Amino acid sequence: MGVLVENVSKQFGSFKAVDQVSLEIKSGSLVALLGPSGSGKSTLLRLISGLEVPDTGRIWLTGKEATYQRVQDRNIGFVFQHYALFKHMNLRQNIGFGLEIRKVNKAKIRQRVEELLELVQLKGLGNRFPSQLSGGQRQRVALARALAAEPKVLLLDEPFGALDAKVRKDLRSWLRRLHDEVHVTTVFVTHDQEEAMEVSNEVVVMNQGRVEQVATPAEIYDQPATPFVMSFIGPVNVLPNTADIFQKNGVAAPHPQVFLRPHDVVVETSPGPNLTAAKVNRVVHLGWEIQAELSLPDNQVVKANLTRERFNQLQLQPQQRVYVKPRQVKSFALDYLSTAEAADQFSSVKHVWLVLTDTYGYEYALKQALDVAQHAGASLHSVFVIDPDAAEAMVGELEENGWVGAGSVPTLQASLLEGYHALATDLLDKVRDRASQLGLSMETAIAEAPVESYTRGLLGQRGSVVIASGSKSLASRLGELSKQVELITEEQPSRVG
């Protein structure tokens, strides 16, 4: 075992940076934490390093629990994006600094430093100072310093982020070769998809503090687990499932979005079976391939990538009429019931209750509620439940952590409840308008009550079905009721219980 993260969460004020993350990183592997800004990848790295302490969960390093272990006792190496080299020290002194702090024998320090200078391809430059090095060379020194104490785990936070594209690419290849030599368990953070795919054995894709998928680079690209992974990894056209390009090709996708890679768009200059007419808007030469931007009759825009050979055959020009079809598409199943299943299962339903606690997952929950109400002929109600206990607990946590003084608590709690009421009013207006577009009447209300007892009361009404949406914490708050409640907590919904 290299690194084991069990149900770890970390919150800064009201912002949940890491949300119930569980992850196992095998010993000797090189793993990338990949995601957009704010996805929680750097916070997770700092939690592993001990620079931050988790609010909940446990962390294990090389088989030993390290959740509350001091940073200096974890035997890890950490490389920051901006090197953090000592300007007044030469390369030898920078690399050997950690060993001197540990009071290692000077002869051993000299030997280890020379080994590392050769390993990072800086042999003969030991007397130079950081100001005399290029950016790429400085980053190699930072890596050598992190490796000096022979750490069990090496952590890299955007290690190449401050470098230009050519140097980044060279260092990526070098890091991969270096890892093959030293075999230290390595975790590095990046928002660069190409970097993650090229360097790592395994990629952990993060979004909004949660892990979306853990898999090899090939699996991440070819078998994405969620719509987010599909849209984040590699170029992709995201089109509605009703787009013209799909209608002639028998694409029946339950998810409202269908994903089509640019290299999976077939382009022809003559009409043919299953082909849809399109117009060339723009041609972009990318060097190794050509990208054509195409407009479909329904005003959808599709990008198609062509090899230089294929482009030369087609001789595409702006405003030219062409014909296209998808070679391969990707769609994702929705976990909520289809309209036919809903009509069958809920034929005895008289009331459909859409319970909202925030904006998470509400669109999918609303669609299911509308489906059930429409096909079961049931009345439709939507309630935004504001839980005063939850608001009080949130403010209490802020007070406990010293974010606010005791005198500010009543005012802050009142302000928080006021904010929830404003959010509730806006969201209920949206869901009412959506129902009205389908000719359905929806009764809406705002309730201040514990969500568990309120939902239990709804379920107690004969012929009622409850569909709830909200943050993941709603699942634990509903507890055993989740077996009777269709609970949607994410962008791609899932059932709880």
# chains A, B, ... in the order shown; residues from 1 in each chain; ligands from 1
call {"tool": "residues_around", "arguments": {"residues": "region 321-328 of chain A", "least_positions_apart": "2", "cutoff": "12 Å", "atoms": "only C-alpha atoms", "output": "PyMOL selection string"}}
result
chain A and resi 222+236-237+239+243-251+258-281+292-297+301-304+314-319+330-331
call {"tool": "residues_around", "arguments": {"residues": "Gly77 (chain A)", "least_positions_apart": "4", "cutoff": "7 Å", "atoms": "only C-alpha atoms", "output": "PyMOL selection string"}}
result
chain A and resi 146-147+151+153-155
call {"tool": "write_last_selection", "arguments": {"atoms": "N, CA, C and O atoms", "output": "short mmCIF file (atom, residue, chain, number, x, y, z; two decimals), in the first residue's frame"}}
result
data_model
loop_
_atom_site.label_atom_id
_atom_site.label_comp_id
_atom_site.auth_asym_id
_atom_site.auth_seq_id
_atom_site.Cartn_x
_atom_site.Cartn_y
_atom_site.Cartn_z
N ALA A 146 13.75 17.12 -3.04
CA ALA A 146 12.65 16.32 -2.47
C ALA A 146 13.03 14.84 -2.36
O ALA A 146 12.57 14.14 -1.46
N LEU A 147 13.90 14.37 -3.28
CA LEU A 147 14.29 12.96 -3.29
C LEU A 147 15.48 12.67 -2.37
O LEU A 147 15.78 11.51 -2.10
N PRO A 151 12.33 9.74 0.28
CA PRO A 151 10.97 9.70 0.82
C PRO A 151 10.21 8.44 0.36
O PRO A 151 10.49 7.89 -0.70
N VAL A 153 6.97 8.65 -0.16
CA VAL A 153 5.96 9.20 -1.07
C VAL A 153 6.44 10.56 -1.56
O VAL A 153 6.92 11.38 -0.77
N LEU A 154 6.33 10.81 -2.87
CA LEU A 154 6.71 12.08 -3.48
C LEU A 154 5.44 12.78 -3.97
O LEU A 154 4.66 12.20 -4.73
N LEU A 155 5.24 14.02 -3.53
CA LEU A 155 4.06 14.80 -3.90
C LEU A 155 4.48 16.02 -4.71
O LEU A 155 5.36 16.77 -4.29
#
call {"tool": "atom_distance", "arguments": {"atom1": "CA of Ser42 (chain A)", "atom2": "CA of Leu23 (chain A)"}}
result
14.7 Å
call {"tool": "select_by_dssp", "arguments": {"residues": "region 42-290 of chain A", "states": "alpha helix (DSSP H)", "output": "count of residues only"}}
result
87
call {"tool": "atom_distance", "arguments": {"atom1": "CA of Glu181 (chain A)", "atom2": "CA of Val199 (chain A)"}}
result
14.0 Å
call {"tool": "closest_residue", "arguments": {"among": "A:Leu45, A:Ala196, A:Leu4, A:Leu119", "to": "Tyr221 (chain A)", "atoms": "only C-alpha atoms"}}
result
A:Ala196
call {"tool": "residues_around", "arguments": {"residues": "Phe232 (chain A)", "least_positions_apart": "3", "cutoff": "12 Å", "atoms": "only C-alpha atoms", "output": "list of chain:residue names"}}
result
A:Leu34, A:Gly35, A:Pro36, A:His191, A:Asp192, A:Gln193, A:Glu194, A:Val205, A:Met206, A:Asn207, A:Glu212, A:Gln213, A:Ile220, A:Tyr221, A:Pro224, A:Ala225, A:Thr226, A:Pro227, A:Phe228, A:Val229, A:Pro235, A:Val236, A:Asn237, A:Val238, A:Phe259, A:Arg261
call {"tool": "closest_residue", "arguments": {"among": "A:Arg462, A:Lys106, A:Lys430, A:Arg310", "to": "His351 (chain A)", "atoms": "only C-alpha atoms"}}
result
A:Arg462
call {"tool": "atom_distance", "arguments": {"atom1": "CA of Glu289 (chain A)", "atom2": "CA of Arg176 (chain A)"}}
result
26.5 Å
call {"tool": "closest_residue", "arguments": {"among": "A:Ala165, A:Val187, A:Leu91, A:Ala373", "to": "Ala142 (chain A)", "atoms": "only C-alpha atoms"}}
result
A:Leu91
call {"tool": "residues_around", "arguments": {"residues": "Arg128 (chain A)", "least_positions_apart": "6", "cutoff": "10 Å", "atoms": "only C-alpha atoms", "output": "JSON, numbers by chain"}}
result
{"A": [89, 90, 91, 92]}
call {"tool": "write_last_selection", "arguments": {"atoms": "N, CA and C atoms", "output": "short mmCIF file (atom, residue, chain, number, x, y, z; two decimals), in the first residue's frame"}}
result
data_model
loop_
_atom_site.label_atom_id
_atom_site.label_comp_id
_atom_site.auth_asym_id
_atom_site.auth_seq_id
_atom_site.Cartn_x
_atom_site.Cartn_y
_atom_site.Cartn_z
N MET A 89 21.91 29.85 -1.59
CA MET A 89 22.61 28.57 -1.57
C MET A 89 22.84 28.08 -2.99
N ASN A 90 24.00 27.40 -3.22
CA ASN A 90 24.21 26.80 -4.53
C ASN A 90 23.42 25.50 -4.62
N LEU A 91 23.53 24.82 -5.77
CA LEU A 91 22.72 23.62 -6.00
C LEU A 91 23.01 22.53 -4.97
N ARG A 92 24.29 22.31 -4.67
CA ARG A 92 24.66 21.27 -3.70
C ARG A 92 24.03 21.56 -2.33
#
call {"tool": "closest_residue", "arguments": {"among": "A:Gln69, A:Gln137, A:Thr242, A:Thr43", "to": "Asp157 (chain A)", "atoms": "only C-alpha atoms"}}
result
A:Thr43
call {"tool": "closest_residue", "arguments": {"among": "A:Leu354, A:Leu175, A:Leu85, A:Met442", "to": "Val383 (chain A)", "atoms": "only C-alpha atoms"}}
result
A:Leu354
call {"tool": "residues_around", "arguments": {"residues": "Arg110 (chain A)", "least_positions_apart": "2", "cutoff": "12 Å", "atoms": "only C-alpha atoms", "output": "list in words"}}
result
Leu91, Arg92, Gln93, Asn94, Ile95, Gly96, Phe97, Leu99, Glu100, Val104, Asn105, Lys106, Ala107, Lys108, Arg112, Val113, Glu114, Glu115, Leu116, Leu117, Gly126 and Ala148 of chain A
call {"tool": "write_last_selection", "arguments": {"atoms": "N, CA, C and O atoms", "output": "compact mmCIF listing (two decimals), in the first residue's frame"}}
result
# COMPACT_ATOMS: atom_id res chain seq x y z
N LEU A 91 23.53 24.82 -5.77
CA LEU A 91 22.72 23.62 -6.00
C LEU A 91 23.01 22.53 -4.97
O LEU A 91 22.09 21.91 -4.42
N ARG A 92 24.29 22.31 -4.67
CA ARG A 92 24.66 21.27 -3.70
C ARG A 92 24.03 21.56 -2.33
O ARG A 92 23.50 20.66 -1.67
N GLN A 93 24.11 22.82 -1.93
CA GLN A 93 23.57 23.20 -0.63
C GLN A 93 22.04 23.08 -0.59
O GLN A 93 21.46 22.65 0.41
N ASN A 94 21.39 23.46 -1.69
CA ASN A 94 19.94 23.33 -1.77
C ASN A 94 19.51 21.87 -1.67
O ASN A 94 18.60 21.53 -0.90
N ILE A 95 20.17 21.01 -2.44
CA ILE A 95 19.79 19.60 -2.46
C ILE A 95 20.07 18.92 -1.12
O ILE A 95 19.28 18.10 -0.64
N GLY A 96 21.17 19.29 -0.50
CA GLY A 96 21.55 18.64 0.74
C GLY A 96 20.96 19.25 1.99
O GLY A 96 21.18 18.75 3.11
N PHE A 97 20.16 20.33 1.84
CA PHE A 97 19.66 21.05 3.01
C PHE A 97 18.86 20.16 3.96
O PHE A 97 19.07 20.16 5.18
N LEU A 99 18.98 16.98 4.38
CA LEU A 99 19.83 15.99 5.04
C LEU A 99 20.64 16.64 6.17
O LEU A 99 20.88 16.02 7.21
N GLU A 100 21.06 17.90 5.95
CA GLU A 100 21.78 18.59 7.02
C GLU A 100 20.88 18.81 8.23
O GLU A 100 21.33 18.68 9.38
N VAL A 104 22.57 14.26 9.03
CA VAL A 104 23.19 13.12 8.36
C VAL A 104 24.69 13.37 8.23
O VAL A 104 25.14 14.53 8.08
N ASN A 105 25.47 12.33 8.27
CA ASN A 105 26.92 12.42 8.12
C ASN A 105 27.27 13.20 6.85
O ASN A 105 26.71 12.97 5.78
N LYS A 106 28.24 14.15 6.96
CA LYS A 106 28.57 15.02 5.83
C LYS A 106 29.07 14.26 4.61
O LYS A 106 28.78 14.63 3.46
N ALA A 107 29.81 13.19 4.83
CA ALA A 107 30.30 12.40 3.70
C ALA A 107 29.13 11.76 2.95
O ALA A 107 29.12 11.72 1.71
N LYS A 108 28.14 11.29 3.71
CA LYS A 108 26.95 10.69 3.08
C LYS A 108 26.15 11.75 2.33
O LYS A 108 25.59 11.48 1.27
N ARG A 112 25.28 11.56 -1.58
CA ARG A 112 23.88 11.57 -2.02
C ARG A 112 23.63 12.74 -2.98
O ARG A 112 22.93 12.59 -3.99
N VAL A 113 24.19 13.90 -2.69
CA VAL A 113 24.00 15.07 -3.54
C VAL A 113 24.57 14.82 -4.94
O VAL A 113 23.94 15.16 -5.95
N GLU A 114 25.77 14.24 -5.01
CA GLU A 114 26.37 13.96 -6.32
C GLU A 114 25.55 12.94 -7.10
O GLU A 114 25.39 13.06 -8.32
N GLU A 115 25.01 11.95 -6.40
CA GLU A 115 24.14 10.95 -7.05
C GLU A 115 22.91 11.63 -7.66
O GLU A 115 22.52 11.34 -8.80
N LEU A 116 22.33 12.54 -6.89
CA LEU A 116 21.11 13.21 -7.35
C LEU A 116 21.40 14.20 -8.48
O LEU A 116 20.59 14.34 -9.40
N LEU A 117 22.51 14.90 -8.42
CA LEU A 117 22.87 15.81 -9.52
C LEU A 117 22.99 15.04 -10.83
O LEU A 117 22.56 15.52 -11.89
N GLY A 126 26.93 21.80 -9.72
CA GLY A 126 26.63 21.88 -8.30
C GLY A 126 26.99 23.20 -7.64
O GLY A 126 26.39 23.56 -6.62
N ALA A 148 16.13 13.73 -1.89
CA ALA A 148 17.38 13.56 -1.14
C ALA A 148 17.22 12.65 0.07
O ALA A 148 18.08 11.80 0.35
call {"tool": "select_by_dssp", "arguments": {"residues": "region 91-262 of chain A", "states": "strand (DSSP E or B)", "output": "ChimeraX atom specification"}}
result
/A:153-157,185-190,202-207,210-215,237-240,257-260
call {"tool": "write_last_selection", "arguments": {"atoms": "C-alpha atoms", "output": "compact mmCIF listing (two decimals), in the first residue's frame"}}
result
# COMPACT_ATOMS: atom_id res chain seq x y z
CA VAL A 153 5.96 9.20 -1.07
CA LEU A 154 6.71 12.08 -3.48
CA LEU A 155 4.06 14.80 -3.90
CA LEU A 156 4.18 17.31 -6.75
CA ASP A 157 1.80 20.31 -6.88
CA THR A 185 5.21 6.33 -5.00
CA THR A 186 4.42 9.64 -6.71
CA VAL A 187 1.28 11.78 -6.74
CA PHE A 188 1.19 14.92 -8.84
CA VAL A 189 -1.46 17.57 -9.31
CA THR A 190 -2.21 19.05 -12.71
CA GLU A 202 -3.34 6.11 -13.32
CA VAL A 203 -5.46 9.27 -13.45
CA VAL A 204 -7.80 10.48 -10.70
CA VAL A 205 -10.32 12.94 -12.18
CA MET A 206 -11.74 15.35 -9.59
CA ASN A 207 -14.63 17.81 -9.77
CA ARG A 210 -15.27 14.65 -5.40
CA VAL A 211 -13.60 11.88 -7.37
CA GLU A 212 -15.37 11.34 -10.69
CA GLN A 213 -13.25 8.42 -11.94
CA VAL A 214 -10.01 6.56 -11.26
CA ALA A 215 -8.57 4.64 -14.21
CA ASN A 237 -18.68 18.04 -29.25
CA VAL A 238 -21.54 18.19 -26.74
CA LEU A 239 -24.86 18.11 -28.59
CA PRO A 240 -28.52 17.66 -27.62
CA GLN A 257 -26.61 15.36 -23.98
CA VAL A 258 -24.70 13.24 -26.48
CA PHE A 259 -20.90 13.39 -26.76
CA LEU A 260 -19.12 13.15 -30.10
call {"tool": "closest_residue", "arguments": {"among": "A:Ser231, A:Ser9, A:Thr62, A:Gln320", "to": "Gly40 (chain A)", "atoms": "only C-alpha atoms"}}
result
A:Ser9
call {"tool": "closest_atom_pairs", "arguments": {"of": "region 26-67 of chain A", "to": "region 71-74 of chain A", "cutoff": "8 Å", "atoms": "only C-alpha atoms", "output": "Markdown table"}}
result
| residue | atom | partner | partner_atom | distance |
| --- | --- | --- | --- | --- |
| A:Ser49 | CA | A:Val71 | CA | 6.4 |
| A:Gly50 | CA | A:Val71 | CA | 5.0 |
| A:Leu51 | CA | A:Val71 | CA | 6.7 |
| A:Leu61 | CA | A:Arg74 | CA | 7.7 |
| A:Ala66 | CA | A:Arg74 | CA | 7.2 |
call {"tool": "write_last_selection", "arguments": {"atoms": "all heavy atoms", "output": "PDB file, in the first residue's frame"}}
result
ATOM      1  N   SER A  49      -0.097  15.271   2.558  1.00  0.00           N
ATOM      2  CA  SER A  49       1.216  15.709   3.050  1.00  0.00           C
ATOM      3  C   SER A  49       1.208  16.069   4.530  1.00  0.00           C
ATOM      4  O   SER A  49       2.253  16.078   5.173  1.00  0.00           O
ATOM      5  CB  SER A  49       1.690  16.928   2.250  1.00  0.00           C
ATOM      6  OG  SER A  49       0.931  18.076   2.599  1.00  0.00           O
ATOM      7  N   GLY A  50       0.019  16.400   5.070  1.00  0.00           N
ATOM      8  CA  GLY A  50      -0.059  16.843   6.455  1.00  0.00           C
ATOM      9  C   GLY A  50      -0.067  18.349   6.598  1.00  0.00           C
ATOM     10  O   GLY A  50      -0.142  18.875   7.712  1.00  0.00           O
ATOM     11  N   LEU A  51       0.007  19.074   5.480  1.00  0.00           N
ATOM     12  CA  LEU A  51      -0.067  20.533   5.542  1.00  0.00           C
ATOM     13  C   LEU A  51      -1.473  21.003   5.892  1.00  0.00           C
ATOM     14  O   LEU A  51      -1.670  22.143   6.311  1.00  0.00           O
ATOM     15  CB  LEU A  51       0.377  21.143   4.207  1.00  0.00           C
ATOM     16  CG  LEU A  51       1.860  20.937   3.851  1.00  0.00           C
ATOM     17  CD1 LEU A  51       2.145  21.434   2.444  1.00  0.00           C
ATOM     18  CD2 LEU A  51       2.768  21.646   4.862  1.00  0.00           C
ATOM     19  N   LEU A  61      -0.323   6.109   5.100  1.00  0.00           N
ATOM     20  CA  LEU A  61       0.877   6.174   4.257  1.00  0.00           C
ATOM     21  C   LEU A  61       1.700   4.919   4.494  1.00  0.00           C
ATOM     22  O   LEU A  61       2.076   4.615   5.632  1.00  0.00           O
ATOM     23  CB  LEU A  61       1.713   7.412   4.580  1.00  0.00           C
ATOM     24  CG  LEU A  61       1.056   8.785   4.335  1.00  0.00           C
ATOM     25  CD1 LEU A  61       1.984   9.899   4.790  1.00  0.00           C
ATOM     26  CD2 LEU A  61       0.692   8.953   2.874  1.00  0.00           C
ATOM     27  N   ALA A  66      -1.661   8.003   9.196  1.00  0.00           N
ATOM     28  CA  ALA A  66      -0.912   9.262   9.302  1.00  0.00           C
ATOM     29  C   ALA A  66      -1.846  10.468   9.360  1.00  0.00           C
ATOM     30  O   ALA A  66      -1.409  11.595   9.132  1.00  0.00           O
ATOM     31  CB  ALA A  66       0.031   9.396   8.106  1.00  0.00           C
TER      32      ALA A  66
END
call {"tool": "residues_around", "arguments": {"residues": "Gln461 (chain A)", "least_positions_apart": "4", "cutoff": "10 Å", "atoms": "only C-alpha atoms", "output": "ChimeraX atom specification"}}
result
/A:350-351,456-457,465
